[in-house]
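Single-structure report; data block below.
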Amino acid sequence: MPAASVTSSSFGRRSLVLAVALVATLALAGCQAPESGASDEPVQGGTLVYASGDAEPVCLDPHVGGNYPQALLASQFLESLVSRDESGEIIPWLAESWTASDDGLVWDFTLREGVVFTDGTPLDAEAVKVNVEHLQDPATQSSTGYLALGKVAEVEVVDERQARFVLSSPDSALLESLSQPWTAIQSPAGIARGMEANCEAPVGTGPFVVEDWVKQDHVSLVRNDDYSSPPADAAHDGPAYLEAIEWRFVPDAASRHAALQGGQVDVIDNPQPDTVAAVEGDDAFTWINAPRPGAANRIELNSGQAPFDDVRVREAFIRAVEVDEGIEALYFGTASRSYSALSSVEPLAYSDPSRFETDLEAANSLLDAAGWTERDADGTRLKGGQRLTLRFPVSTNQSIPAEQSLFEQVQATAKAAGFDVVIELLDLSSWYGALFANEYEIVSAPYTKVGPDVLRILYHSDSITPAPSGYFANLSQLDDPEVDALLTEAAATSDATARAELYEAAQQRILGGFYLLPLYDQQNSFLLDSAVKGARALPTVSTPTFYDAWLAD
Amino acid sequence: MLRRAVALVSGAAFVLWAVATLTFFAIRLIPGDPAQAILGGPGSQASQEALDQVRREYGLDRPLIVQYLAMLGRLLTGDLGHSYALKVPVADLLSSQLGGTMLLAVMALVVAWMLALGLSLWSTGRSRFASIIGDGIELTAAALPHFWLAGVLIAVFSSGLDWLPPVSTGTPAGFVLPVVTLAVPLAGFLAQVMRESLLDAMQQPFVLSARARGESTTGIRLRHTIRHAALPAISLSGWALGWLLSGAVVVETIFAMPGLGRTLLQAVTLRDIPVVTGVVLLVALVYVFMTVLTDLASRIADPRLRQEGAR
Amino acid sequence: MRPEDAPGDAPALDVAGLHVSFGGREVVHGLSLRLHRGECVALVGESGSGKSVTARALLGMAGAGASTNAARLELLGRDLTDAGERTWRSVRGRDIGLVLQDALVSLDPLRPVGREIEDALRIHERLPRAARRARVLHLLERVGMPDPVFAATRRSGELSGGLRQRALIASALALDPPLLVADEPTTALDVTVQARVLDLLAEIREAGTGILLISHDLAVVARLADRILVMRGGRVIEEGPTETVLRSPREAYTRALLAAVPTDRPRGSALSVRAGASDAATLPPATQYGGRTRTTSAVSGPAPTGHGSERPLLQLHHVSKAFDVPGGRLTAVDDVTLELHAGETLGLVGESGSGKTTVARLALALSTPDSGDVVLDGIDWSRRPERERRPMRPRLGAIYQDALSSFDPRWSVGRILADAAARGRRLSGRADSLVDDLLEQVGLEPALAERRPLTLSGGQRQRVAIARALAAEPEVLVCDEPVSALDVTIQAQILDLLDRLQRDRRLAMLFISHDLGVVRHMSDRVAVMRAGRIVELGDAESVFRAPSHPYTAQLVADAPRIVA
Amino acid sequence: MSELELRQSTVEASAEHIAPRGRRWPRPGTILAGGFVAFLVVATLAPSVAWTQDPNAIAPALAFESPSFAHWFGTDESGRDVYSRVVAGTGTSLLIGVTATLIGLALGLVLGLLASFAGRVFDFAVNRVIEVLFAFPGLLLALLVIVVYGPGPVTATIAVGLSTAPGYARIIRGQFVSIRSSHYVEAARVLGRSPARILGRHILPNALVPLSVLATLGIGQAIVWASALSYLGLGAQPPAAEWGAMLAAGRTYLATAPWLTAFPGLMIVGTTIATTILGRALARRGQEGR
């Protein structure tokens with residue numbers, strides 16, 4: 001398999017990393033092209049075993065809550081109104097076309113004809129309406145989907161195939177929001193069964209159907225033989241080649257990798273960088289590198305309180321920290337340094353390496369200027385008896401070991417400038433607890449959303465105000481009216497060029513204020529046994545899809 | 001006999017009640033709002049209305065003592081409540097997880113027993129060399145952390161030799177490594193006890209009597225000393241099972257097996273209180289049951305214990 | 001070779017020049033012994049004399065690390081000097097049987113005794129299971145088991161001491177071996193049971209089995225043995241027909257052994273052989289540890305029995321005490337009334353479980369009676385709170401059977417004695433001289449003050465215990481089986497010491513023992529206890545000479561004695 | 001019976017079975033174990049003497065070097081010297097082990113004293129409490145403590161300590177009960193000694209000396225349990241070099257850099273074995289000294 005072997009042999013050197021991402025992308029695209037040779041003929045049947053290192057979802061319905069593990073699974077059996085292609089263009093899926101009013105407040109979606117949910121319910125405008133209402137109902141306990149559709153006032157059923165979205169204010173991110181698995185369309189009859197049943201086995205229109213969920217072990221997915229609604233960028237029509245998918249939960253990375261090597265599983269996610277590097281050049285395995293969209297992985301600096309309320313201290317920190325060597329060593333060339341607030345898969349990402357050059361001398365003079373002139377016995381700077389301590393809560397559920405090691409390196413390099421970084425490894429609940437209590441100076445939190453609108457969620461001052469549950473997304477507590485204005489305007493601007501300009505201005509301002517230290521794209525990759533052909537990651541939130549996949553002998 | 005049975009049952013009931021009470025009140029000390037945990041954890045952006053609704057629904061707005069009594073009442077009917085996170089009855093969830101864990105633990109117990117018996121029989125009453133080797137093996141085995149041993153076993157037998165699957169596959173082969181991981185450290189402990197009691201038994205006069213009858217060394221081991229060596233190990237089995245359940249938390253995670261340990265770990269991370277309470281109660285029940293069982297087994301194996309009761 | 005093939009006059013056992021050593025240290029030096037079928041030969045000696053090692057060597061199982069060699073070792077004419085383990089295994093159980101001391105632990109406590117007996121049959125003969133069962137029942141019947149079918153299914157712990165000892169003998173007799181080695185077969189048993197077991201052994205001997213009887217007790221041996229070999233330090237020092245050895249012993253050591261037997265020895269006569277006697281053999285083993293010899297001199301003269309009108313020092317008035325046991329309540333002491341006067345020794349005799357120790361604990365106010373009173377010098381001692389009793393406690397001293405366990409294992413002898421002498425006061429400088437003085441009184445070296453009790457011999461420990469009891473200068477001394485764990489010559493020394501101290505200090509002594517001989521020798525008056533009750537109480541001589549209660553009569557009749 | 005009770009019984013038994021042959025020199029195993037523990041003590045008190053470089057100095061360019069002359073135990077994912085980190089981690093690891101053991105011991109002592117001397121009602125109550133605590137297997141109890149108080153090294157230490165407490169309590173109670181009913185305590189009563197004096201002079205010294213032996217054995221096991229918590233992400237915090245945390249972090253690279261786990265693992269196993277051997281030697285000395 002040429003594409004696969006190119007992919008797997010081309011990483012390992014830092015200089016080649018960028019190329020790798022491109023090649024991988026091309027390789028995926030290449031799967032669509034008809035290929036020659038008998039062995040490239042898709043084979044029907046077989047069960048693919050997928051081993052997930054992500055947490056086991058507590059509910060398979062991605063409307064409930066809405067996190068990445070749910071998206072991973074939901075991509076196999078649920079479908080959205082629209083999708084996105086490699087270049088970031090929105091393409092049809094369950095909706096074959098759409099139009100927006102000039103004021104951007106009314107969107108009409110025309111649904112694909114003849115699509116039927118796997119419980120026999122037909123896909124119609126009423127179903128879309130029910131789904132949006134389900135997402136907006138507090139009882140559903142939706143978080144991600146609820147936020148994504150925040151500007152949708154209601155859905156009107158125009159006719160059977162015409163659904164009209166009426167917005168409260170213009171939303172340039174609506175299509176991107178609707179492309180996400182968290183807003184996927186489910187059978188109204190399935191939703192009507194109630195939360196407990198719907199969590200066990202949501203009903204969608206996808207190529208596979210949830211057959212069984214053995215908690216703590218696996219989810220069994222079987223082929224939907226009546227499948228008829230592949231997205232516009234799919235490689236074939238009709239039902240999937242695979243007969244079934246066994247979706248297993250294998251939390252331990254070493255076990256997961258050993259299972260792939262031993263042939264017990266065909267695909268694993270979240271592979272350790274060192275194991276990815278170890279199979280380099282090995283034709284037996286294929287690596288799919290599919291960084292998540294939305295925000296890049298970054299360290300946020302809490303500008304809401306001392307010492308980072310002083311821009312000089314923020315800049316000093318960013319100048320003091322050295323992460324390039326660490327990223328190279330820890331990720332074995334599988335991740336490349338980011339200089340942007342947005343993921344490299346976002347077409348509107350603005351990158352500025354100049355702002356992140358390490359310069360210890362500059363850091364020291366900045367700190368001196370900011371009044372942090374004295375040092376104690378440890379070498380930590382002092383100001384008025386106050387130590388320059390940075391609390392850094394790290395969620396063990398959200399960060400992989402390599403990332404924690406990188407944070408330790410951040411800790412070590414920042415020490416040279418006189419920062420005392422205190423890393424606190426916490427479980428998810430305690431981690432949120434530390435954030436709510438504002439007991440942090442630096443933090444790293446992932447956020448996945450399709451499109452640049454993620455900037456509004458992360459850096460608009462509205463996001464500093466916590467929800468009743470205490471949640472707030474603007475962890476750098478960036479409070480800049482100019483940024484607010486730029487992001488609000490961009491969200492309401494449908495003109496592509498104007499929108500791009502607005503987002504670039506916003507990003508420049510955000511990076512210029514030294515509110516964050518970008519590290520690398522949100523790591524999201526898959527190792528496959530090379531017998532698995534035709535698998536790819538959906539370009540929406542980079543979840544894998546096995547609709548086109550088949551198992552070679 | 002009846003008095004004994006009554007004492008056993010009432011003792012078991014007391015332990016379960018105390019465990020339930022302790023867990024109930026300990027969990028009230030957890031910082032954070034249970035209603036929030038129900039609504040998908042602290043990361044969710046739950047609205048005030050949603051929080052209020054959940055509090056009413058789960059009775060979290062009632063006084064603590066009312067909640068406590070309500071829980072006891074439910075427990076009496078075997079109702080363990082609903083999982084906050086998984087939205088399913090805890091009893092259903094646990095009953096589906098118990099089997100796997102118990103199978104794992106019991107198999108590990110059996111394997112540990114066999115390993116310990118083999119090692120102690122091999123190393124006892126032979127040369128000083130054998131005894132030192134045996135001692136070393138026992139000490140090392142008992143000091144092995146589960147997760148490290150598991151890693152080494154996977155590296156050798158899965159990644160290296162490719163003999164056994166590194167994750168549970170539901171097949172007997174998939175069970176081998178988890179069972180061995182759990183069994184080896186336990187075998188280290190058991191072998192220490194067995195060897196000492198074996199040594200002790202071998203110095204007893206009845207061994208002299210048996211030899212004076214013309215019994216061979218093997219005969220003495222099989223007919224006499226092995227039973228004496230087994231006695232303390234039997235009485236240890238209740239503790240051993242608890243120890244194995246602790247180990248199961250780690251082993252189930254590493255080998256990706258469904259079970260109580262993993263359920264507990266997940267529930268702890270998600271602050272899923274009903275599930276935590278349920279697992280704790282279930283484990284306590286298993287412990288109580290094992291205690292009665294080992295007590296019974298010891299009495300069957302050692303008539304002296306029955307004798308004590310009658311004197 | 002089957003026994004019947006052996007030459008008719010071949011002795012069952014013929015040993016010459018038997019040497020046994022452990023790691024280069026020889027413990028049996030050239031022992032010779034010949035034993036015929038139907039004959040009983042006794043090997044008598046104190047602990048450490050090498051008698052048990054000899055017995056084991058005769059079965060080819062002297063132990064790990066032992067090396068055994070003999071000029072001649074023949075069993076029924078069959079040479080076993082160079083026999084390997086396999087040969088020995090075929091001999092053991094078939095040609096030679098072994099009976100050990102305590103059947104509770106000498107039979108596997110986890111297996112039914114029937115199975116244990118069956119084992120010998122299974123090992124040596126190919127018999128169908130049913131036949132083996134029948135043989136087991138027959139054997140149990142032969143050793144006088146009342147209900148063989150029931151007994152066969154019991155474990156050793158479920159049988160009484162006498163019955164389980166019979167079962168043990170049955171297991172050794174399973175294949176009717178021509179030779180039976182009995183190593184202290186009756187030592188742990190009560191007198192009456194001991195007598196029955198000795199009767200059984202006598203029957204077995206009559207039936208033609210040769211018995212090698214090993215014992216520390218000349219009196220036990222006297223009943224059964226045809227010939228006696230006296231062992232000391234791994235050597236047989238005297239040998240001869242029982243009558244001759246007992247009546248006219250040649251060796252001084254044998255005489256010392258005989259003298260030490262308290263049975264039928266009048267009150268006040270010394271049991272231990274006097275120090276300074278010419279023969280080194282008479283030196284008591286205490287010299288093994290100390291440098292100088294300090295033996296107690298014999299005391300003589302009648303006991304100063306001075307009660308009468310005097311108020312008794314210690315009184316038990318209708319005292320009862322019961323304990324909860326699973327399945328009911330056991331009355332350990334049932335309406336016991338006793339009086340103890342100054343300068344008097346009251347002996348309390350009874351078999352195990354008769355309640356003797358409970359009486360001792362009640363007298364010491366270590367437990368409170370359910371009913372009745374214990375009165376110390378006119379003060380109701382049992383009913384007072386412990387706080388008030390405490391200042392009075394030094395008036396009573398106690399000596400236990402197991403002296404070692406009565407010492408704090410971390411304390412040295414000196415500290416133990418100084419602490420006891422201090423009575424809560426500070427001693428400072430005088431402590432050393434006080435300790436020296438106490439040690440001298442009980443015949444011990446001052447150097448022993450540095451030692452821990454664990455490193456002392458049994459006799460020395462008991463002396464330290466006595467010294468501790470005396471340190472507080474008590475008026476009453478309660479002795480609970482003070483000598484039953486000791487060798488006979490040591491026992492003699494301790495008894496003499498106690499007797500002398502009692503006279504010197506006009507102590508009131510409650511002397512508890514299961515051994516009639518000891519009690520009779522020590523006591524002015526005697527109480528006989530059975531199942532918690534005093535069945536007979538009176539002047540020691542008259543009680544033993546003319547027992548009025550049948551139980552006492554039985555006890556007296558069954559007590560082993562040297563001169564019948 | 002628990003892990004601890006089991007250890008106690010084996011210690012006593014091993015002390016019994018070794019015939020006192022008047023051995024003046026400790027056995028070779030004991031000397032080795034003593035040497036190992038001496039190294040641990042040096043590494044705890046003066047780690048800078050034992051390490052070859054700064055344990056927290058990163059050098060990403062030197063990451064994942066296999067053991068060599070320059071780096072005896074190799075380097076880790078951040079290029080830190082594993083040997084120096086193992087040395088630096090000794091203090092933390094031992095602190096966790098010792099503190100957890102002390103917590104367990106102290107709690108056990110309180111419970112054991114209550115059960116033994118505060119009357120029948122207390123004895124009954126404490127025994128029930130112990131039984132209930134036993135119904136929570138060690139890690140379960142630890143997890144419960146962590147649910148309540150949040151993860152971290154302090155909680156982990158407390159959790160491990162708490163989970164060993166019932167074992168100690170039962171042993172201590174057993175020890176007190178057996179000593180209290182021993183003949184030498186009775187002998188002291190006969191001499192008219194007050195309960196306080198008996199407790200202070202006889203019972204406590206005799207109960208606590210074997211207990212201290214037992215504690216040396218508990219340390220190793222406490223480290224093992226604490227390391228399990230670290231593996232589950234509920235233990236020590238970086239960059240503190242703690243063996244359990246190093247083991248947990250290194251397990252990720254088991255396939256490519258086994259030295260990251262081998263050496264901390266060996267230290268844990270070695271410490272457990274060495275303390276056990278020393279504990280046994282102590283018990284033997286105690287026995288022989290009597």
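Going through the structure tokens in order, the chains are called A, B, and so on, while each chain numbers its residues from 1 and the ligands are numbered from 1 in the order shown.
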
Report the closest atom pair, with its distance in Å rounded to one decimal, for each residue of chain C that has an atom no farther than 6 Å from chain B; count only C-alpha atoms, sort by chain and then rising residue number, and write it as a tab-separated table.
```
residue	atom	partner	partner_atom	distance
C:Arg89	CA	B:Gly214	CA	4.4
C:Arg92	CA	B:Gly214	CA	4.6
C:Gly93	CA	B:Arg213	CA	3.8
C:Leu98	CA	B:Ala212	CA	6.0
C:Val105	CA	B:Phe206	CA	5.7
C:Ser106	CA	B:Phe206	CA	3.9
C:Leu107	CA	B:Phe206	CA	4.8
C:Asp108	CA	B:Phe206	CA	5.2
C:Leu110	CA	B:Asp302	CA	5.8
C:Ala120	CA	B:Arg213	CA	5.4
C:Pro326	CA	B:Gly309	CA	5.6
```

Could you pull the residues within 8 Å of Ser78 of chain D, counting only C-alpha atoms, minus those fewer than 2 positions along the same chain, as number ranges by chain? A: 326, 329-330, 405-406, 409; D: 58-60, 62-64, 75-76, 80

Resulting file, chosen residues, all heavy atoms, as an mmCIF file, in the first residue's frame:
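As written to disk, out-v9.cif reads:
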```
data_model
loop_
_atom_site.group_PDB
_atom_site.id
_atom_site.type_symbol
_atom_site.label_atom_id
_atom_site.label_comp_id
_atom_site.auth_asym_id
_atom_site.auth_seq_id
_atom_site.Cartn_x
_atom_site.Cartn_y
_atom_site.Cartn_z
ATOM 1 N N GLY A 326 12.311 19.805 23.753
ATOM 2 C CA GLY A 326 11.463 18.863 24.477
ATOM 3 C C GLY A 326 10.429 18.236 23.568
ATOM 4 O O GLY A 326 10.214 17.020 23.586
ATOM 5 N N ALA A 329 12.129 15.690 21.423
ATOM 6 C CA ALA A 329 12.536 14.467 22.119
ATOM 7 C C ALA A 329 11.323 13.650 22.554
ATOM 8 O O ALA A 329 11.298 12.430 22.426
ATOM 9 C CB ALA A 329 13.388 14.822 23.337
ATOM 10 N N LEU A 330 10.309 14.333 23.072
ATOM 11 C CA LEU A 330 9.184 13.611 23.657
ATOM 12 C C LEU A 330 8.247 13.066 22.592
ATOM 13 O O LEU A 330 7.601 12.049 22.796
ATOM 14 C CB LEU A 330 8.407 14.538 24.589
ATOM 15 C CG LEU A 330 9.152 14.906 25.869
ATOM 16 C CD1 LEU A 330 8.499 16.098 26.539
ATOM 17 C CD2 LEU A 330 9.165 13.713 26.807
ATOM 18 N N SER A 405 5.552 15.333 30.798
ATOM 19 C CA SER A 405 7.009 15.481 30.795
ATOM 20 C C SER A 405 7.392 16.841 30.239
ATOM 21 O O SER A 405 8.305 17.495 30.738
ATOM 22 C CB SER A 405 7.655 14.382 29.958
ATOM 23 O OG SER A 405 7.301 13.122 30.453
ATOM 24 N N LEU A 406 6.677 17.274 29.198
ATOM 25 C CA LEU A 406 6.963 18.583 28.615
ATOM 26 C C LEU A 406 6.723 19.680 29.651
ATOM 27 O O LEU A 406 7.497 20.618 29.761
ATOM 28 C CB LEU A 406 6.094 18.811 27.377
ATOM 29 C CG LEU A 406 6.412 20.098 26.611
ATOM 30 C CD1 LEU A 406 7.780 20.010 25.965
ATOM 31 C CD2 LEU A 406 5.363 20.384 25.547
ATOM 32 N N GLN A 409 9.509 20.020 31.817
ATOM 33 C CA GLN A 409 10.603 20.758 31.194
ATOM 34 C C GLN A 409 10.331 22.255 31.223
ATOM 35 O O GLN A 409 11.245 23.067 31.404
ATOM 36 C CB GLN A 409 10.824 20.268 29.765
ATOM 37 C CG GLN A 409 11.247 18.804 29.752
ATOM 38 C CD GLN A 409 11.554 18.300 28.358
ATOM 39 O OE1 GLN A 409 11.599 19.057 27.408
ATOM 40 N NE2 GLN A 409 11.783 17.006 28.251
ATOM 41 N N ILE D 58 17.222 19.325 33.173
ATOM 42 C CA ILE D 58 16.748 18.699 31.942
ATOM 43 C C ILE D 58 17.749 18.930 30.820
ATOM 44 O O ILE D 58 18.510 19.887 30.826
ATOM 45 C CB ILE D 58 15.358 19.230 31.519
ATOM 46 C CG1 ILE D 58 15.433 20.749 31.261
ATOM 47 C CG2 ILE D 58 14.324 18.905 32.550
ATOM 48 C CD1 ILE D 58 14.338 21.217 30.347
ATOM 49 N N ALA D 59 17.741 18.012 29.900
ATOM 50 C CA ALA D 59 18.575 18.109 28.699
ATOM 51 C C ALA D 59 17.872 17.310 27.621
ATOM 52 O O ALA D 59 18.239 16.177 27.331
ATOM 53 C CB ALA D 59 19.963 17.552 28.969
ATOM 54 N N PRO D 60 16.814 17.897 27.043
ATOM 55 C CA PRO D 60 16.000 17.119 26.101
ATOM 56 C C PRO D 60 16.818 16.482 24.978
ATOM 57 O O PRO D 60 16.449 15.423 24.467
ATOM 58 C CB PRO D 60 15.029 18.154 25.540
ATOM 59 C CG PRO D 60 14.960 19.216 26.585
ATOM 60 C CD PRO D 60 16.314 19.256 27.221
ATOM 61 N N LEU D 62 19.466 14.976 25.280
ATOM 62 C CA LEU D 62 20.059 13.728 25.768
ATOM 63 C C LEU D 62 19.000 12.728 26.223
ATOM 64 O O LEU D 62 19.285 11.824 26.996
ATOM 65 C CB LEU D 62 20.996 14.027 26.938
ATOM 66 C CG LEU D 62 22.221 14.894 26.619
ATOM 67 C CD1 LEU D 62 22.979 15.199 27.893
ATOM 68 C CD2 LEU D 62 23.118 14.188 25.624
ATOM 69 N N ALA D 63 17.752 12.930 25.776
ATOM 70 C CA ALA D 63 16.676 12.074 26.264
ATOM 71 C C ALA D 63 16.859 10.627 25.812
ATOM 72 O O ALA D 63 17.458 10.348 24.769
ATOM 73 C CB ALA D 63 15.334 12.594 25.766
ATOM 74 N N PHE D 64 16.368 9.707 26.632
ATOM 75 C CA PHE D 64 16.292 8.275 26.297
ATOM 76 C C PHE D 64 17.651 7.655 25.983
ATOM 77 O O PHE D 64 17.765 6.828 25.099
ATOM 78 C CB PHE D 64 15.345 8.026 25.122
ATOM 79 C CG PHE D 64 13.924 8.448 25.402
ATOM 80 C CD1 PHE D 64 13.343 9.503 24.729
ATOM 81 C CD2 PHE D 64 13.174 7.774 26.361
ATOM 82 C CE1 PHE D 64 12.041 9.891 25.002
ATOM 83 C CE2 PHE D 64 11.864 8.158 26.633
ATOM 84 C CZ PHE D 64 11.301 9.211 25.952
ATOM 85 N N THR D 75 19.124 7.804 30.832
ATOM 86 C CA THR D 75 18.420 9.077 31.030
ATOM 87 C C THR D 75 16.956 8.896 30.691
ATOM 88 O O THR D 75 16.575 7.961 29.983
ATOM 89 C CB THR D 75 18.987 10.189 30.130
ATOM 90 O OG1 THR D 75 18.790 9.800 28.765
ATOM 91 C CG2 THR D 75 20.453 10.423 30.382
ATOM 92 N N ASP D 76 16.141 9.816 31.209
ATOM 93 C CA ASP D 76 14.700 9.684 30.991
ATOM 94 C C ASP D 76 14.237 10.557 29.825
ATOM 95 O O ASP D 76 15.056 11.053 29.051
ATOM 96 C CB ASP D 76 13.935 9.983 32.286
ATOM 97 C CG ASP D 76 13.958 11.462 32.660
ATOM 98 O OD1 ASP D 76 14.574 12.247 31.907
ATOM 99 O OD2 ASP D 76 13.381 11.804 33.696
ATOM 100 N N ARG D 80 17.019 13.640 31.901
ATOM 101 C CA ARG D 80 17.519 13.680 33.273
ATOM 102 C C ARG D 80 18.187 12.344 33.605
ATOM 103 O O ARG D 80 17.824 11.299 33.065
ATOM 104 C CB ARG D 80 16.367 13.953 34.248
ATOM 105 C CG ARG D 80 15.776 15.334 34.043
ATOM 106 C CD ARG D 80 14.537 15.555 34.879
ATOM 107 N NE ARG D 80 13.451 14.658 34.491
ATOM 108 C CZ ARG D 80 12.176 14.882 34.785
ATOM 109 N NH1 ARG D 80 11.824 15.942 35.473
ATOM 110 N NH2 ARG D 80 11.244 14.038 34.401
#
```

Computed interatomic separation between atom CA of Met529 of chain C and atom CA of Ser354 of chain C (Å):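 Atom-to-atom, atom CA of Met529 of chain C to atom CA of Ser354 of chain C, that is 6.1 Å.
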
Residue with the minimum atom-to-atom distance to Thr144 of chain A, picked from A:Ala306, A:Leu94, A:Leu105, A:Ala184 with only C-alpha atoms counted, is A:Ala184

Could you give me the residues within segment 147-259 of chain B that DSSP places in helix (DSSP H, G or I), as number ranges by chain? B: 147-160, 172-202, 205-212, 217-254

Mind checking DSSP for segment 300-502 of chain A and telling me the strand (DSSP E) residues as an NGL selection string? :A and (300-301 or 374-375 or 381-383 or 386-387 or 389-395 or 420-426 or 442-443)

Could you turn the residues from that selection into a file that holds C-alpha atoms, as a short mmCIF file (atom, residue, chain, number, x, y, z; two decimals), in the first residue's frame?
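Dumped everything to result_22.cif:
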```
data_model
loop_
_atom_site.label_atom_id
_atom_site.label_comp_id
_atom_site.auth_asym_id
_atom_site.auth_seq_id
_atom_site.Cartn_x
_atom_site.Cartn_y
_atom_site.Cartn_z
CA GLU A 300 -2.71 29.75 29.11
CA LEU A 301 -1.42 32.49 31.37
CA GLU A 374 15.34 39.90 44.37
CA ARG A 375 15.94 36.17 44.45
CA ARG A 381 12.42 35.82 42.24
CA LEU A 382 10.78 37.90 44.92
CA LYS A 383 8.83 41.13 44.92
CA GLN A 386 6.14 37.61 47.48
CA ARG A 387 7.64 34.64 45.64
CA THR A 389 5.22 31.13 42.19
CA LEU A 390 3.14 29.83 39.31
CA ARG A 391 0.54 27.21 40.17
CA PHE A 392 0.04 24.80 37.28
CA PRO A 393 -2.84 22.35 37.74
CA VAL A 394 -2.56 19.46 35.26
CA SER A 395 -5.42 17.08 34.64
CA ASP A 420 8.81 28.66 40.63
CA VAL A 421 6.36 26.52 38.68
CA VAL A 422 4.36 24.19 40.92
CA ILE A 423 2.82 21.37 38.90
CA GLU A 424 -0.20 19.79 40.53
CA LEU A 425 -1.35 16.51 38.98
CA LEU A 426 -5.09 16.30 39.57
CA ILE A 442 -0.85 28.71 34.18
CA VAL A 443 -3.00 25.94 32.79
#
```

Best match for closeness to Ala267 of chain B among B:Leu94, B:Ala248, B:Val9, B:Val66, counting only C-alpha atoms: B:Leu94

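All residues of protein, DNA or RNA that reach within 9 Å of Phe77 of chain A, judged by only C-alpha atoms and not counting those fewer than 6 positions away in the chain, are Pro202, Val203, Gly204, Thr205, Gly206, Pro207, Phe208, Val209, Val210, Leu221 and Asn224 of chain A.
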
Identify which of the residues D:Asn56, D:Gln221, D:Ser194, D:Ser181 lies closest to chain C, counting only C-alpha atoms when measuring atom-to-atom distances. D:Ser194

Using only C-alpha atoms, find which residues of chain A lie within 10 Å of chain D and jot them down as a PyMOL selection string. chain A and resi 252-255+257-258+272-275+277-278+323-331+395-397+400-402+404-413+421-427+429-431
